[in-house]
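Next up, structure.csv (CSV, C-alpha atoms and all ligand atoms):
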chain,number,residue,atom,x,y,z
A,55,MET,CA,37.1,-134.5,142.6
A,56,THR,CA,38.9,-137.8,141.9
A,57,ARG,CA,42.3,-139.3,142.5
A,58,THR,CA,44.2,-142.3,141.2
A,59,ALA,CA,43.3,-145.4,143.2
A,60,THR,CA,46.1,-147.5,144.9
A,61,ALA,CA,46.3,-151.0,146.3
A,62,GLU,CA,45.1,-149.5,149.6
A,63,ASP,CA,41.8,-148.6,148.0
A,64,VAL,CA,40.9,-152.2,146.8
A,65,ALA,CA,38.5,-152.9,149.7
A,66,THR,CA,36.7,-149.6,149.2
A,67,ILE,CA,36.4,-150.4,145.4
A,68,VAL,CA,35.1,-153.9,146.1
A,69,ALA,CA,32.5,-152.4,148.4
A,70,ILE,CA,31.4,-150.1,145.6
A,71,GLU,CA,31.3,-153.0,143.2
A,72,GLN,CA,29.1,-155.0,145.6
A,73,ALA,CA,26.7,-152.1,146.2
A,74,CYS,CA,26.4,-151.6,142.4
A,75,PHE,CA,26.6,-155.0,140.8
A,76,GLY,CA,25.6,-157.6,143.5
A,77,ALA,CA,26.4,-161.1,142.4
A,78,ALA,CA,28.2,-159.7,139.3
A,79,ALA,CA,30.6,-157.7,141.3
A,80,TRP,CA,34.3,-158.0,140.6
A,81,SER,CA,36.3,-160.0,143.0
A,82,THR,CA,39.1,-158.6,145.2
A,83,ALA,CA,41.7,-160.2,143.0
A,84,LEU,CA,40.2,-158.7,139.9
A,85,VAL,CA,40.0,-155.2,141.4
A,86,HIS,CA,43.6,-155.5,142.6
A,87,ALA,CA,44.8,-156.5,139.2
A,88,GLU,CA,43.0,-153.5,137.7
A,89,VAL,CA,44.5,-151.1,140.2
A,90,VAL,CA,48.1,-152.3,139.9
A,91,GLY,CA,48.1,-153.2,136.2
A,92,ASP,CA,50.5,-151.3,133.9
A,93,ARG,CA,47.9,-150.5,131.2
A,94,HIS,CA,45.1,-149.7,133.7
A,95,VAL,CA,44.0,-146.5,135.2
A,96,VAL,CA,41.5,-146.6,138.2
A,97,MET,CA,40.1,-143.4,139.6
A,98,LEU,CA,38.3,-143.1,142.9
A,99,SER,CA,36.1,-140.1,143.9
A,100,ASP,CA,37.4,-138.2,146.9
A,101,ASP,CA,34.3,-139.2,148.9
A,102,ARG,CA,35.1,-142.9,148.1
A,103,GLU,CA,31.6,-143.5,146.7
A,104,ALA,CA,32.3,-143.9,143.1
A,105,TYR,CA,35.1,-145.2,140.9
A,106,GLY,CA,35.9,-145.8,137.2
A,107,ALA,CA,38.5,-148.0,135.4
A,108,ILE,CA,40.0,-148.0,131.9
A,109,SER,CA,42.6,-150.1,130.2
A,110,VAL,CA,44.7,-148.8,127.4
A,111,SER,CA,46.2,-150.8,124.6
A,112,GLY,CA,47.9,-148.8,121.8
A,113,ASP,CA,45.5,-146.2,120.5
A,114,VAL,CA,42.4,-147.8,122.1
A,115,ALA,CA,41.1,-147.3,125.6
A,116,ASP,CA,38.4,-149.6,127.0
A,117,LEU,CA,36.1,-148.3,129.7
A,118,ASP,CA,36.0,-151.3,132.0
A,119,ARG,CA,33.8,-150.0,134.8
A,120,ILE,CA,32.1,-147.0,136.1
A,121,ALA,CA,30.0,-147.2,139.3
A,122,VAL,CA,28.5,-144.9,141.9
A,123,VAL,CA,26.9,-146.2,145.1
A,124,PRO,CA,23.1,-145.8,145.0
A,125,ASP,CA,23.0,-143.1,147.7
A,126,ALA,CA,25.5,-140.9,145.8
A,127,ARG,CA,23.9,-141.0,142.3
A,128,GLY,CA,22.6,-138.0,140.4
A,129,ARG,CA,25.3,-135.6,141.7
A,130,GLY,CA,27.6,-135.7,138.7
A,131,LEU,CA,30.1,-138.2,140.1
A,132,ALA,CA,30.0,-140.5,137.1
A,133,ARG,CA,30.4,-137.6,134.6
A,134,ASP,CA,33.4,-136.3,136.6
A,135,LEU,CA,35.0,-139.7,136.6
A,136,LEU,CA,34.3,-140.3,132.9
A,137,GLU,CA,35.8,-136.9,131.9
A,138,THR,CA,38.9,-137.6,134.0
A,139,LEU,CA,39.3,-141.1,132.5
A,140,VAL,CA,39.1,-139.7,129.0
A,141,ASP,CA,41.8,-137.2,129.8
A,142,ARG,CA,44.0,-139.9,131.2
A,143,ALA,CA,43.4,-142.1,128.2
A,144,ARG,CA,44.4,-139.3,125.9
A,145,ASP,CA,47.6,-138.7,128.0
A,146,LEU,CA,48.4,-142.4,127.5
A,147,GLY,CA,48.1,-142.2,123.7
A,148,ALA,CA,44.6,-143.4,123.2
A,149,GLU,CA,42.7,-141.9,120.3
A,150,ARG,CA,39.3,-143.6,120.9
A,151,MET,CA,37.5,-145.1,123.8
A,152,LEU,CA,35.3,-148.2,123.6
A,153,LEU,CA,32.7,-149.6,126.0
A,154,GLU,CA,30.0,-152.2,126.2
A,155,VAL,CA,26.8,-151.5,128.0
A,156,ALA,CA,23.6,-153.4,128.5
A,157,ALA,CA,21.0,-152.0,126.1
A,158,ASP,CA,18.5,-151.8,128.9
A,159,ASN,CA,20.8,-149.7,131.2
A,160,ALA,CA,19.1,-146.4,130.3
A,161,VAL,CA,21.0,-144.3,132.9
A,162,ALA,CA,24.4,-145.5,131.7
A,163,THR,CA,23.6,-145.2,128.0
A,164,SER,CA,22.3,-141.6,128.7
A,165,LEU,CA,25.6,-140.8,130.5
A,166,TYR,CA,27.7,-142.1,127.6
A,167,GLU,CA,25.6,-140.5,124.9
A,168,SER,CA,25.7,-137.1,126.6
A,169,ALA,CA,29.5,-137.5,126.9
A,170,GLY,CA,29.7,-137.9,123.1
A,171,PHE,CA,29.8,-141.7,122.7
A,172,ASP,CA,28.1,-143.2,119.6
A,173,THR,CA,26.7,-146.7,119.3
A,174,ILE,CA,28.8,-148.5,116.6
A,175,SER,CA,27.4,-152.1,117.0
A,176,THR,CA,25.1,-154.3,118.9
A,177,ARG,CA,25.9,-157.7,120.3
A,178,LYS,CA,22.7,-159.6,120.4
A,179,GLY,CA,22.0,-161.5,123.6
A,180,TYR,CA,25.4,-160.8,125.0
A,181,TYR,CA,24.3,-160.5,128.7
A,182,SER,CA,22.5,-163.1,130.8
A,183,GLY,CA,18.8,-163.1,130.2
A,184,GLY,CA,19.4,-162.4,126.5
A,185,VAL,CA,20.0,-158.6,126.9
A,186,ASP,CA,21.8,-157.0,124.0
A,187,ALA,CA,25.1,-155.2,124.5
A,188,LEU,CA,25.7,-151.9,122.8
A,189,VAL,CA,29.2,-151.2,121.7
A,190,MET,CA,29.9,-147.5,122.0
A,191,GLU,CA,32.8,-145.4,120.8
A,192,LEU,CA,34.2,-141.9,121.6
A,193,GLY,CA,36.7,-140.2,119.4
A,194,ILE,CA,39.1,-138.8,122.0
A,195,LEU,CA,41.0,-136.5,119.7
A,196,GLU,CA,37.9,-134.6,118.8
A,197,TRP,CA,36.5,-134.6,122.3
A,198,ARG,CA,36.0,-131.3,124.1
B,1,LIG,C1,25.3,-145.2,135.6
B,1,LIG,C2,25.9,-144.5,136.8
B,1,LIG,C3,27.4,-144.7,136.9
B,1,LIG,C4,25.6,-143.0,136.7
B,1,LIG,O1,26.2,-142.4,137.9
B,1,LIG,P1,25.7,-140.9,138.4
B,1,LIG,O2,26.8,-140.4,139.3
B,1,LIG,O3,24.4,-141.0,139.0
B,1,LIG,O4,25.6,-140.1,137.1
B,1,LIG,P2,25.8,-138.5,137.0
B,1,LIG,O5,25.1,-137.8,138.2
B,1,LIG,O6,27.2,-138.1,136.7
B,1,LIG,O7,24.9,-138.2,135.7
B,1,LIG,C5,25.5,-138.2,134.4
B,1,LIG,C6,24.4,-138.4,133.4
B,1,LIG,O8,23.9,-139.8,133.5
B,1,LIG,C7,22.6,-139.8,133.1
B,1,LIG,N1,21.7,-140.0,134.3
B,1,LIG,C8,22.1,-140.0,135.6
B,1,LIG,N2,21.0,-140.3,136.4
B,1,LIG,C9,20.0,-140.6,135.5
B,1,LIG,C10,18.7,-141.0,135.7
B,1,LIG,N3,18.2,-141.3,136.9
B,1,LIG,N4,17.9,-141.2,134.6
B,1,LIG,C11,18.4,-141.0,133.4
B,1,LIG,N5,19.7,-140.6,133.1
B,1,LIG,C12,20.4,-140.4,134.2
B,1,LIG,C13,22.3,-138.4,132.6
B,1,LIG,O9,22.6,-138.4,131.2
B,1,LIG,C14,23.2,-137.5,133.4
B,1,LIG,O10,23.5,-136.3,132.8
B,1,LIG,P3,22.7,-135.0,133.2
B,1,LIG,O11,22.9,-134.8,134.7
B,1,LIG,O12,23.3,-133.9,132.4
B,1,LIG,O13,21.3,-135.3,132.8
B,1,LIG,C15,25.2,-145.0,138.1
B,1,LIG,O14,23.8,-145.0,137.9
B,1,LIG,C16,25.6,-146.5,138.5
B,1,LIG,O15,26.6,-146.7,139.2
B,1,LIG,N6,24.8,-147.5,138.0
B,1,LIG,C17,25.1,-148.9,138.3
B,1,LIG,C18,26.4,-149.3,137.7
B,1,LIG,C19,26.4,-149.2,136.2
B,1,LIG,O16,25.4,-149.5,135.5
B,1,LIG,N7,27.5,-148.8,135.6
B,1,LIG,C20,27.6,-148.6,134.1
B,1,LIG,C21,28.0,-149.9,133.4
B,1,LIG,S1,29.6,-150.5,134.0

Is it possible to express this structure as structure tokens?
Amino acid sequence: MTRTATAEDVATIVAIEQACFGAAAWSTALVHAEVVGDRHVVMLSDDREAYGAISVSGDVADLDRIAVVPDARGRGLARDLLETLVDRARDLGAERMLLEVAADNAVATSLYESAGFDTISTRKGYYSGGVDALVMELGILEWR
């Protein structure tokens, strides 16, 4: 189960970021901006071991982040978060969701593909080390 994150959850989310992304983790200021932003939705799992964030602009939602601490992976937390975020995006008027994922992140691409995302383009060498980014899209109106 998940709930909407508040400013009181920022330290918890920063800890999840650091456990998942190391040096590339979002700062406290960036997480705070995401949590309090008007166009943003941040959901935190009830066990506080996973979170996900979207931003919505017009009919497009961007999946900004989804992260589960290593010890809690493989239990369906990311799928649960993703489904909740798609529902929230639809409620806010979004008709499609976009994301970028490193082409070598097989676990994340498997999650997104199994949720119904299609790869619509590739950004060559987008990430450090020259790793490509896949741009993926989900049609929210046709989803579920
Ligand atoms: C990607 C991530 C969010 C998945 O979290 P999770 O809670 O373990 O995922 P779930 O248990 O909900 O699994 C959902 C789907 O992900 C895929 N998946 C999960 N673990 C996997 C693994 N070890 N190998 C391959 N696919 C896997 C599967 O498609 C799975 O669906 P299935 O259970 O029907 O096979 C997690 O590994 C993570 O936080 N990684 C680091 C951060 C990251 O890369 N985030 C995404 C980019 S921002």

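Only residues having an atom at most 6 Å from (43.2, -145.5, 138.4) are included; using all atoms listed in the file, these are Thr58, Ala59, Val95, Val96 and Met97 of chain A.
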
Selection near Ile174 of chain A, 12 Å with all atoms listed in the file, sequence-local residues under 3 positions removed, as an MDAnalysis selection string: chainID A and resid 151:155 167 171 177 187:193

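Taking all atoms listed in the file into account, Gly112 of chain A lies nearest to A:Asp145 out of the set A:Asp145, A:Cys74, A:Leu131, A:Trp80.
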
At a cut-off of 9 Å and counting only C-alpha atoms and all ligand atoms, what residues surround ligand LIG 1 (chain B)? Please answer as a PDB file with C-alpha atoms, keeping the file's coordinate frame.
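As written to disk, pocket_22.pdb reads:
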ATOM      1  CA  ILE A  70      31.400-150.100 145.600  1.00  0.00           C
ATOM      2  CA  GLU A  71      31.300-153.000 143.200  1.00  0.00           C
ATOM      3  CA  ALA A  73      26.700-152.100 146.200  1.00  0.00           C
ATOM      4  CA  CYS A  74      26.400-151.600 142.400  1.00  0.00           C
ATOM      5  CA  PHE A  75      26.600-155.000 140.800  1.00  0.00           C
ATOM      6  CA  ALA A 104      32.300-143.900 143.100  1.00  0.00           C
ATOM      7  CA  TYR A 105      35.100-145.200 140.900  1.00  0.00           C
ATOM      8  CA  GLY A 106      35.900-145.800 137.200  1.00  0.00           C
ATOM      9  CA  LEU A 117      36.100-148.300 129.700  1.00  0.00           C
ATOM     10  CA  ASP A 118      36.000-151.300 132.000  1.00  0.00           C
ATOM     11  CA  ARG A 119      33.800-150.000 134.800  1.00  0.00           C
ATOM     12  CA  ILE A 120      32.100-147.000 136.100  1.00  0.00           C
ATOM     13  CA  ALA A 121      30.000-147.200 139.300  1.00  0.00           C
ATOM     14  CA  VAL A 122      28.500-144.900 141.900  1.00  0.00           C
ATOM     15  CA  VAL A 123      26.900-146.200 145.100  1.00  0.00           C
ATOM     16  CA  PRO A 124      23.100-145.800 145.000  1.00  0.00           C
ATOM     17  CA  ALA A 126      25.500-140.900 145.800  1.00  0.00           C
ATOM     18  CA  ARG A 127      23.900-141.000 142.300  1.00  0.00           C
ATOM     19  CA  GLY A 128      22.600-138.000 140.400  1.00  0.00           C
ATOM     20  CA  ARG A 129      25.300-135.600 141.700  1.00  0.00           C
ATOM     21  CA  GLY A 130      27.600-135.700 138.700  1.00  0.00           C
ATOM     22  CA  LEU A 131      30.100-138.200 140.100  1.00  0.00           C
ATOM     23  CA  ALA A 132      30.000-140.500 137.100  1.00  0.00           C
ATOM     24  CA  ARG A 133      30.400-137.600 134.600  1.00  0.00           C
ATOM     25  CA  ASP A 134      33.400-136.300 136.600  1.00  0.00           C
ATOM     26  CA  LEU A 135      35.000-139.700 136.600  1.00  0.00           C
ATOM     27  CA  LEU A 136      34.300-140.300 132.900  1.00  0.00           C
ATOM     28  CA  LEU A 153      32.700-149.600 126.000  1.00  0.00           C
ATOM     29  CA  GLU A 154      30.000-152.200 126.200  1.00  0.00           C
ATOM     30  CA  VAL A 155      26.800-151.500 128.000  1.00  0.00           C
ATOM     31  CA  ALA A 156      23.600-153.400 128.500  1.00  0.00           C
ATOM     32  CA  ASN A 159      20.800-149.700 131.200  1.00  0.00           C
ATOM     33  CA  ALA A 160      19.100-146.400 130.300  1.00  0.00           C
ATOM     34  CA  VAL A 161      21.000-144.300 132.900  1.00  0.00           C
ATOM     35  CA  ALA A 162      24.400-145.500 131.700  1.00  0.00           C
ATOM     36  CA  THR A 163      23.600-145.200 128.000  1.00  0.00           C
ATOM     37  CA  SER A 164      22.300-141.600 128.700  1.00  0.00           C
ATOM     38  CA  LEU A 165      25.600-140.800 130.500  1.00  0.00           C
ATOM     39  CA  TYR A 166      27.700-142.100 127.600  1.00  0.00           C
ATOM     40  CA  GLU A 167      25.600-140.500 124.900  1.00  0.00           C
ATOM     41  CA  SER A 168      25.700-137.100 126.600  1.00  0.00           C
ATOM     42  CA  ALA A 169      29.500-137.500 126.900  1.00  0.00           C
TER      43      ALA A 169
END

Given all atoms listed in the file as the counted atoms, nearest of A:Ser182, A:Gln72, A:Thr60, A:Thr173 to Glu88 of chain A: A:Thr60
